[in-house]
Amino acid sequence: MSEMMKIPYFDKTTNADFGSIRLMGIDEYHNEIYVLGKKNLGKRYGNILMGIAEILGVKEELLTVDCMSRVNWSMKIGGFTSRRMGWVSLGRPVLGKGTEAAFLDLVNLVEITRMKVMKKVQVR
Amino acid sequence: MKIVFLGTTGVQHSLIAAHIYLGQLGSEDFRSLEYFCDLSKESSGFPIFIGDDARGNQVYSLGVGKDLQMGQKTIENLLTILGFSSQDLMLRPVSIKAERLLACLGKIPRYLGGTKINLFFSIIILRQELAAIKENVEQFCN
């Protein structure tokens, strides 16, 4: 858990952070990697971003990845309890367990995304 | 420049606002507006092109879900990241009292008659809110 807590923003966001696109780093292909909390607005939110990029003529410069398909119930409940309700000591361990359980699924999503980056196709 | 009218949905009040802005709203029969209460269009999440204004700007309508402020913030962040500014794409949020109710109407399943219920009540609500929508557009024009 202490290792997870070293990740920037991990279980540290506030309500005001939702909707903010935050830089996480730069990958080996020199792409900028960002994270975005979108509450429970679903896959549609990715399409909104792609749509904006499309009308600006820069669709190829953006790739959205919906991580919610890899988030399990423990992560949802733990995250909600810690962040929304403010019960950190109760929610964080549940979130930690859930994240451990989902880790390989998240790694799989990252690997798929790496391949998609090469093809520059939106992950759905 | 692109002008995007933002609402909780893109096929109701923001769509009407875009048509008012373009001077295309002839009557209160909103059913004649293309994509009005079109839930499949709404669920796609993509901006809906409405038309070009007198200055050659492209006008769109877009629904960003129940948290309008969050949607606006995200798009503004995205513009900055992609190297654009409000000179390239201008966001105009259209907020009315019944916006959450309108969003809820769109959630009624089709097998329960959701499409007809949504259309029927949306027209009633939006006729009552038309003055507020016009006010939103006038503020933008001034």
# chains A, B, ... in the order shown; residues from 1 in each chain; ligands from 1
$ select_by_dssp --residues "chain A" --states "strand (DSSP E)" --output "list in words"
Ile21, Arg22, Leu23, Met24, Gly25, Ile26, Glu32, Ile33, Tyr34, Val35 and Leu36 of chain A
$ select_by_dssp --residues "stretch 3-121 of chain A" --states "alpha helix (DSSP H)" --output "ChimeraX atom specification"
/A:3-5,44-55,73-79,88-119
$ interface_residues --of "chain A" --to "chain B" --cutoff "9 Å" --atoms "only C-alpha atoms" --output "PDB file with N, CA and C atoms, in the first residue's frame"
ATOM      1  N   ALA A  16     -12.785  18.932  -6.240  1.00  0.00           N
ATOM      2  CA  ALA A  16     -12.416  19.970  -7.206  1.00  0.00           C
ATOM      3  C   ALA A  16     -11.516  19.436  -8.323  1.00  0.00           C
ATOM      4  N   PHE A  18     -11.988  16.659  -9.997  1.00  0.00           N
ATOM      5  CA  PHE A  18     -12.737  15.989 -11.061  1.00  0.00           C
ATOM      6  C   PHE A  18     -12.891  16.939 -12.246  1.00  0.00           C
ATOM      7  N   GLY A  19     -12.632  16.413 -13.416  1.00  0.00           N
ATOM      8  CA  GLY A  19     -12.740  17.232 -14.627  1.00  0.00           C
ATOM      9  C   GLY A  19     -11.435  17.878 -15.027  1.00  0.00           C
ATOM     10  N   SER A  20     -10.438  17.869 -14.125  1.00  0.00           N
ATOM     11  CA  SER A  20      -9.130  18.437 -14.466  1.00  0.00           C
ATOM     12  C   SER A  20      -8.272  17.373 -15.148  1.00  0.00           C
ATOM     13  N   ILE A  21      -7.651  17.752 -16.256  1.00  0.00           N
ATOM     14  CA  ILE A  21      -6.760  16.825 -16.956  1.00  0.00           C
ATOM     15  C   ILE A  21      -5.352  17.091 -16.438  1.00  0.00           C
ATOM     16  N   ARG A  22      -4.768  16.079 -15.771  1.00  0.00           N
ATOM     17  CA  ARG A  22      -3.483  16.297 -15.091  1.00  0.00           C
ATOM     18  C   ARG A  22      -2.359  15.464 -15.712  1.00  0.00           C
ATOM     19  N   LEU A  36      -7.551  11.776 -15.967  1.00  0.00           N
ATOM     20  CA  LEU A  36      -8.777  12.579 -15.823  1.00  0.00           C
ATOM     21  C   LEU A  36      -9.795  11.802 -15.010  1.00  0.00           C
ATOM     22  N   LYS A  38     -13.609  11.455 -14.053  1.00  0.00           N
ATOM     23  CA  LYS A  38     -14.835  11.913 -14.717  1.00  0.00           C
ATOM     24  C   LYS A  38     -16.094  11.512 -13.951  1.00  0.00           C
ATOM     25  N   LEU A  41     -19.469   9.421 -15.312  1.00  0.00           N
ATOM     26  CA  LEU A  41     -20.041   9.839 -16.595  1.00  0.00           C
ATOM     27  C   LEU A  41     -19.789   8.863 -17.753  1.00  0.00           C
ATOM     28  N   LYS A  43     -18.331   5.986 -20.615  1.00  0.00           N
ATOM     29  CA  LYS A  43     -17.480   5.992 -21.806  1.00  0.00           C
ATOM     30  C   LYS A  43     -17.727   7.218 -22.677  1.00  0.00           C
ATOM     31  N   ARG A  44     -18.922   7.770 -22.559  1.00  0.00           N
ATOM     32  CA  ARG A  44     -19.319   8.910 -23.378  1.00  0.00           C
ATOM     33  C   ARG A  44     -18.339  10.074 -23.226  1.00  0.00           C
ATOM     34  N   TYR A  45     -17.757  10.173 -22.041  1.00  0.00           N
ATOM     35  CA  TYR A  45     -16.866  11.306 -21.759  1.00  0.00           C
ATOM     36  C   TYR A  45     -15.641  11.274 -22.686  1.00  0.00           C
ATOM     37  N   GLY A  46     -15.158  10.077 -22.975  1.00  0.00           N
ATOM     38  CA  GLY A  46     -14.040   9.930 -23.911  1.00  0.00           C
ATOM     39  C   GLY A  46     -14.428  10.412 -25.299  1.00  0.00           C
ATOM     40  N   ASN A  47     -15.662  10.098 -25.684  1.00  0.00           N
ATOM     41  CA  ASN A  47     -16.149  10.540 -27.000  1.00  0.00           C
ATOM     42  C   ASN A  47     -16.265  12.061 -27.077  1.00  0.00           C
ATOM     43  N   ILE A  48     -16.632  12.673 -25.956  1.00  0.00           N
ATOM     44  CA  ILE A  48     -16.728  14.139 -25.929  1.00  0.00           C
ATOM     45  C   ILE A  48     -15.353  14.740 -26.247  1.00  0.00           C
ATOM     46  N   LEU A  49     -14.322  14.204 -25.600  1.00  0.00           N
ATOM     47  CA  LEU A  49     -12.959  14.711 -25.833  1.00  0.00           C
ATOM     48  C   LEU A  49     -12.519  14.450 -27.272  1.00  0.00           C
ATOM     49  N   MET A  50     -12.819  13.251 -27.760  1.00  0.00           N
ATOM     50  CA  MET A  50     -12.447  12.923 -29.143  1.00  0.00           C
ATOM     51  C   MET A  50     -13.199  13.822 -30.125  1.00  0.00           C
ATOM     52  N   GLY A  51     -14.453  14.098 -29.799  1.00  0.00           N
ATOM     53  CA  GLY A  51     -15.266  14.959 -30.663  1.00  0.00           C
ATOM     54  C   GLY A  51     -14.715  16.373 -30.746  1.00  0.00           C
ATOM     55  N   ILE A  52     -14.275  16.886 -29.604  1.00  0.00           N
ATOM     56  CA  ILE A  52     -13.678  18.232 -29.582  1.00  0.00           C
ATOM     57  C   ILE A  52     -12.389  18.238 -30.403  1.00  0.00           C
ATOM     58  N   ALA A  53     -11.574  17.196 -30.206  1.00  0.00           N
ATOM     59  CA  ALA A  53     -10.322  17.107 -30.977  1.00  0.00           C
ATOM     60  C   ALA A  53     -10.617  17.004 -32.470  1.00  0.00           C
ATOM     61  N   ILE A  55     -13.283  18.198 -34.193  1.00  0.00           N
ATOM     62  CA  ILE A  55     -13.714  19.453 -34.836  1.00  0.00           C
ATOM     63  C   ILE A  55     -12.566  20.465 -34.906  1.00  0.00           C
ATOM     64  N   LEU A  56     -11.540  20.253 -34.083  1.00  0.00           N
ATOM     65  CA  LEU A  56     -10.357  21.123 -34.159  1.00  0.00           C
ATOM     66  C   LEU A  56      -9.337  20.581 -35.168  1.00  0.00           C
ATOM     67  N   VAL A  58      -7.561  17.771 -34.882  1.00  0.00           N
ATOM     68  CA  VAL A  58      -6.375  17.144 -34.272  1.00  0.00           C
ATOM     69  C   VAL A  58      -6.719  15.794 -33.625  1.00  0.00           C
ATOM     70  N   GLU A  61      -4.069  13.335 -32.638  1.00  0.00           N
ATOM     71  CA  GLU A  61      -3.134  13.657 -31.551  1.00  0.00           C
ATOM     72  C   GLU A  61      -3.628  13.190 -30.185  1.00  0.00           C
ATOM     73  N   LEU A  62      -4.839  12.635 -30.172  1.00  0.00           N
ATOM     74  CA  LEU A  62      -5.454  12.271 -28.888  1.00  0.00           C
ATOM     75  C   LEU A  62      -5.861  10.803 -28.870  1.00  0.00           C
TER      76      LEU A  62
END
$ residues_around --residues "A:Val88" --least-positions-apart "5" --cutoff "9 Å" --atoms "only C-alpha atoms" --output "PyMOL selection string"
chain A and resi 11+78-79+81-83+93
$ write_last_selection --atoms "N, CA and C atoms" --output "mmCIF file, in the first residue's frame"
data_model
loop_
_atom_site.group_PDB
_atom_site.id
_atom_site.type_symbol
_atom_site.label_atom_id
_atom_site.label_comp_id
_atom_site.auth_asym_id
_atom_site.auth_seq_id
_atom_site.Cartn_x
_atom_site.Cartn_y
_atom_site.Cartn_z
ATOM 1 N N ASP A 11 -5.413 8.163 -4.570
ATOM 2 C CA ASP A 11 -6.283 8.358 -3.402
ATOM 3 C C ASP A 11 -5.996 9.686 -2.694
ATOM 4 N N GLY A 78 -14.012 1.390 -2.046
ATOM 5 C CA GLY A 78 -12.914 1.977 -1.265
ATOM 6 C C GLY A 78 -12.658 3.422 -1.647
ATOM 7 N N GLY A 79 -12.651 3.682 -2.934
ATOM 8 C CA GLY A 79 -12.423 5.046 -3.421
ATOM 9 C C GLY A 79 -13.532 5.987 -3.001
ATOM 10 N N THR A 81 -15.560 5.625 -0.412
ATOM 11 C CA THR A 81 -15.518 5.804 1.046
ATOM 12 C C THR A 81 -14.394 6.770 1.444
ATOM 13 N N SER A 82 -13.249 6.615 0.802
ATOM 14 C CA SER A 82 -12.095 7.451 1.148
ATOM 15 C C SER A 82 -12.241 8.891 0.645
ATOM 16 N N ARG A 83 -12.631 9.028 -0.621
ATOM 17 C CA ARG A 83 -12.635 10.361 -1.244
ATOM 18 C C ARG A 83 -13.940 11.120 -1.036
ATOM 19 N N PRO A 93 -7.741 1.037 2.843
ATOM 20 C CA PRO A 93 -7.344 -0.383 2.791
ATOM 21 C C PRO A 93 -8.172 -1.184 1.784
#
$ residues_around --residues "A:Met5" --least-positions-apart "5" --cutoff "10 Å" --atoms "only C-alpha atoms" --output "compact mmCIF listing (two decimals) with N, CA and C atoms, in the first residue's frame"
# COMPACT_ATOMS: atom_id res chain seq x y z
N PHE A 10 -2.69 9.27 -6.28
CA PHE A 10 -3.39 8.04 -5.87
C PHE A 10 -4.11 8.25 -4.54
N ASP A 11 -5.41 8.16 -4.57
CA ASP A 11 -6.28 8.36 -3.40
C ASP A 11 -6.00 9.69 -2.69
N LYS A 12 -5.70 10.70 -3.48
CA LYS A 12 -5.43 12.02 -2.88
C LYS A 12 -6.31 13.10 -3.49
N ARG A 92 -9.35 3.47 2.40
CA ARG A 92 -8.05 3.25 1.73
C ARG A 92 -7.61 1.78 1.73
N GLY A 96 -6.89 -0.33 -1.55
CA GLY A 96 -5.59 -0.97 -1.75
C GLY A 96 -5.73 -2.43 -2.16
$ residues_around --residues "B:Leu33" --least-positions-apart "5" --cutoff "12 Å" --atoms "only C-alpha atoms" --output "PyMOL selection string"
chain B and resi 11-13+15-20+24-28+38+50+123
$ atom_distance --atom1 "atom CA of B:Gly106" --atom2 "atom CA of B:Gly10"
11.3 Å
$ atom_distance --atom1 "atom CA of B:Phe121" --atom2 "atom CA of B:Lys107"
13.0 Å
$ atom_distance --atom1 "atom CA of A:Gly86" --atom2 "atom CA of A:Thr14"
9.7 Å
$ closest_residue --among "A:Ile77, A:Leu63, A:Leu90, A:Met68" --to "A:Thr113" --atoms "only C-alpha atoms"
A:Leu63
$ residues_around --residues "A:Val110" --least-positions-apart "6" --cutoff "10 Å" --atoms "only C-alpha atoms" --output "list in words"
Val65, Cys67, Leu104 and Lys116 of chain A
$ write_last_selection --atoms "all heavy atoms" --output "short mmCIF file (atom, residue, chain, number, x, y, z; two decimals), in the first residue's frame"
data_model
loop_
_atom_site.label_atom_id
_atom_site.label_comp_id
_atom_site.auth_asym_id
_atom_site.auth_seq_id
_atom_site.Cartn_x
_atom_site.Cartn_y
_atom_site.Cartn_z
N VAL A 65 -8.40 6.54 -23.07
CA VAL A 65 -8.44 5.17 -22.56
C VAL A 65 -9.37 5.13 -21.35
O VAL A 65 -9.09 5.79 -20.34
CB VAL A 65 -7.03 4.69 -22.14
CG1 VAL A 65 -7.07 3.25 -21.67
CG2 VAL A 65 -6.03 4.86 -23.29
N CYS A 67 -10.51 3.55 -18.22
CA CYS A 67 -9.96 2.56 -17.26
C CYS A 67 -11.06 1.88 -16.44
O CYS A 67 -10.78 0.93 -15.71
CB CYS A 67 -8.98 3.24 -16.31
SG CYS A 67 -7.55 3.89 -17.15
N LEU A 104 -3.14 -6.71 -12.47
CA LEU A 104 -2.80 -7.36 -13.75
C LEU A 104 -3.76 -6.94 -14.86
O LEU A 104 -3.36 -6.84 -16.03
CB LEU A 104 -2.76 -8.88 -13.58
CG LEU A 104 -1.58 -9.40 -12.74
CD1 LEU A 104 -1.66 -10.92 -12.60
CD2 LEU A 104 -0.24 -8.99 -13.34
N LYS A 116 -2.17 0.23 -29.21
CA LYS A 116 -3.06 1.21 -29.85
C LYS A 116 -2.33 2.51 -30.16
O LYS A 116 -2.62 3.17 -31.14
CB LYS A 116 -4.26 1.52 -28.93
CG LYS A 116 -5.13 0.34 -28.63
CD LYS A 116 -6.12 0.09 -29.72
CE LYS A 116 -7.03 -1.08 -29.34
NZ LYS A 116 -7.99 -1.39 -30.38
#
$ residues_around --residues "B:Leu126" --least-positions-apart "3" --cutoff "12 Å" --atoms "only C-alpha atoms" --output "ChimeraX atom specification"
/B:11-17,28-31,36-37,95-99,101-102,118-123,129-134
$ write_last_selection --atoms "N, CA, C and O atoms" --output "compact mmCIF listing (two decimals), in the first residue's frame"
# COMPACT_ATOMS: atom_id res chain seq x y z
N VAL B 11 -29.05 17.71 -27.04
CA VAL B 11 -30.17 17.61 -27.98
C VAL B 11 -31.43 18.30 -27.45
O VAL B 11 -32.52 18.08 -27.98
N GLN B 12 -31.26 19.11 -26.41
CA GLN B 12 -32.43 19.81 -25.88
C GLN B 12 -32.13 21.31 -25.78
O GLN B 12 -32.13 21.99 -26.81
N HIS B 13 -31.87 21.83 -24.58
CA HIS B 13 -31.72 23.29 -24.44
C HIS B 13 -30.52 23.87 -25.17
O HIS B 13 -30.61 24.97 -25.74
N SER B 14 -29.39 23.15 -25.19
CA SER B 14 -28.21 23.70 -25.89
C SER B 14 -28.44 23.68 -27.40
O SER B 14 -27.98 24.57 -28.12
N LEU B 15 -29.18 22.69 -27.87
CA LEU B 15 -29.53 22.62 -29.30
C LEU B 15 -30.42 23.82 -29.68
O LEU B 15 -30.20 24.48 -30.71
N ILE B 16 -31.41 24.09 -28.83
CA ILE B 16 -32.30 25.23 -29.07
C ILE B 16 -31.51 26.54 -29.04
O ILE B 16 -31.69 27.42 -29.89
N ALA B 17 -30.60 26.65 -28.06
CA ALA B 17 -29.78 27.87 -27.94
C ALA B 17 -28.96 28.10 -29.21
O ALA B 17 -28.87 29.23 -29.70
N GLU B 28 -42.10 27.61 -31.77
CA GLU B 28 -41.84 26.82 -30.56
C GLU B 28 -42.07 25.32 -30.81
O GLU B 28 -42.13 24.54 -29.88
N ASP B 29 -42.22 24.96 -32.06
CA ASP B 29 -42.35 23.54 -32.39
C ASP B 29 -40.94 22.96 -32.55
O ASP B 29 -40.40 22.87 -33.65
N PHE B 30 -40.39 22.58 -31.41
CA PHE B 30 -38.99 22.14 -31.40
C PHE B 30 -38.79 20.83 -32.17
O PHE B 30 -37.68 20.49 -32.54
N ARG B 31 -39.89 20.10 -32.39
CA ARG B 31 -39.77 18.81 -33.09
C ARG B 31 -39.21 18.95 -34.50
O ARG B 31 -38.67 18.02 -35.07
N PHE B 36 -33.46 17.04 -32.37
CA PHE B 36 -34.11 17.38 -31.11
C PHE B 36 -34.55 16.09 -30.40
O PHE B 36 -35.25 15.26 -30.98
N CYS B 37 -34.12 15.94 -29.16
CA CYS B 37 -34.41 14.75 -28.32
C CYS B 37 -33.96 13.45 -28.99
O CYS B 37 -34.52 12.39 -28.72
N SER B 95 -27.36 27.08 -19.21
CA SER B 95 -27.87 26.49 -17.98
C SER B 95 -29.31 26.95 -17.73
O SER B 95 -29.60 28.13 -17.79
N ILE B 96 -30.18 25.99 -17.48
CA ILE B 96 -31.57 26.31 -17.14
C ILE B 96 -31.97 25.51 -15.90
O ILE B 96 -31.30 24.53 -15.55
N LYS B 97 -33.04 25.94 -15.27
CA LYS B 97 -33.44 25.32 -13.99
C LYS B 97 -33.72 23.82 -14.14
O LYS B 97 -33.39 23.03 -13.27
N ALA B 98 -34.36 23.45 -15.24
CA ALA B 98 -34.82 22.07 -15.38
C ALA B 98 -33.80 21.18 -16.08
O ALA B 98 -34.15 20.09 -16.54
N GLU B 99 -32.54 21.59 -16.13
CA GLU B 99 -31.56 20.82 -16.92
C GLU B 99 -31.35 19.39 -16.42
O GLU B 99 -31.17 18.47 -17.20
N LEU B 101 -33.59 17.61 -14.79
CA LEU B 101 -34.82 16.88 -15.09
C LEU B 101 -34.81 16.42 -16.55
O LEU B 101 -35.16 15.28 -16.87
N LEU B 102 -34.35 17.30 -17.42
CA LEU B 102 -34.26 16.95 -18.85
C LEU B 102 -33.30 15.78 -19.06
O LEU B 102 -33.58 14.87 -19.84
N ASN B 118 -39.98 11.34 -23.17
CA ASN B 118 -38.91 12.34 -23.22
C ASN B 118 -39.31 13.50 -24.13
O ASN B 118 -39.21 14.67 -23.76
N LEU B 119 -39.79 13.15 -25.32
CA LEU B 119 -40.16 14.18 -26.30
C LEU B 119 -41.32 15.03 -25.77
O LEU B 119 -41.26 16.28 -25.82
N PHE B 120 -42.33 14.38 -25.24
CA PHE B 120 -43.53 15.08 -24.76
C PHE B 120 -43.20 16.07 -23.65
O PHE B 120 -43.53 17.26 -23.74
N PHE B 121 -42.51 15.58 -22.61
CA PHE B 121 -42.22 16.46 -21.47
C PHE B 121 -41.12 17.48 -21.79
O PHE B 121 -41.14 18.59 -21.26
N SER B 122 -40.19 17.11 -22.65
CA SER B 122 -39.13 18.05 -23.01
C SER B 122 -39.72 19.29 -23.68
O SER B 122 -39.29 20.42 -23.40
N ILE B 123 -40.68 19.06 -24.57
CA ILE B 123 -41.29 20.20 -25.27
C ILE B 123 -41.98 21.13 -24.27
O ILE B 123 -41.81 22.35 -24.31
N GLU B 129 -39.06 27.22 -20.46
CA GLU B 129 -37.69 27.71 -20.22
C GLU B 129 -37.14 28.52 -21.39
O GLU B 129 -35.98 28.95 -21.34
N LEU B 130 -37.94 28.72 -22.42
CA LEU B 130 -37.44 29.36 -23.63
C LEU B 130 -36.89 30.76 -23.36
O LEU B 130 -35.84 31.14 -23.92
N ALA B 131 -37.55 31.50 -22.48
CA ALA B 131 -37.08 32.86 -22.16
C ALA B 131 -35.68 32.80 -21.54
O ALA B 131 -34.82 33.63 -21.87
N ALA B 132 -35.48 31.83 -20.67
CA ALA B 132 -34.17 31.69 -20.02
C ALA B 132 -33.09 31.30 -21.03
O ALA B 132 -31.96 31.78 -20.96
N ILE B 133 -33.47 30.46 -21.98
CA ILE B 133 -32.50 30.05 -23.02
C ILE B 133 -32.14 31.26 -23.89
O ILE B 133 -30.97 31.50 -24.18
N LYS B 134 -33.17 32.02 -24.26
CA LYS B 134 -32.93 33.22 -25.08
C LYS B 134 -32.02 34.21 -24.34
O LYS B 134 -31.14 34.83 -24.93
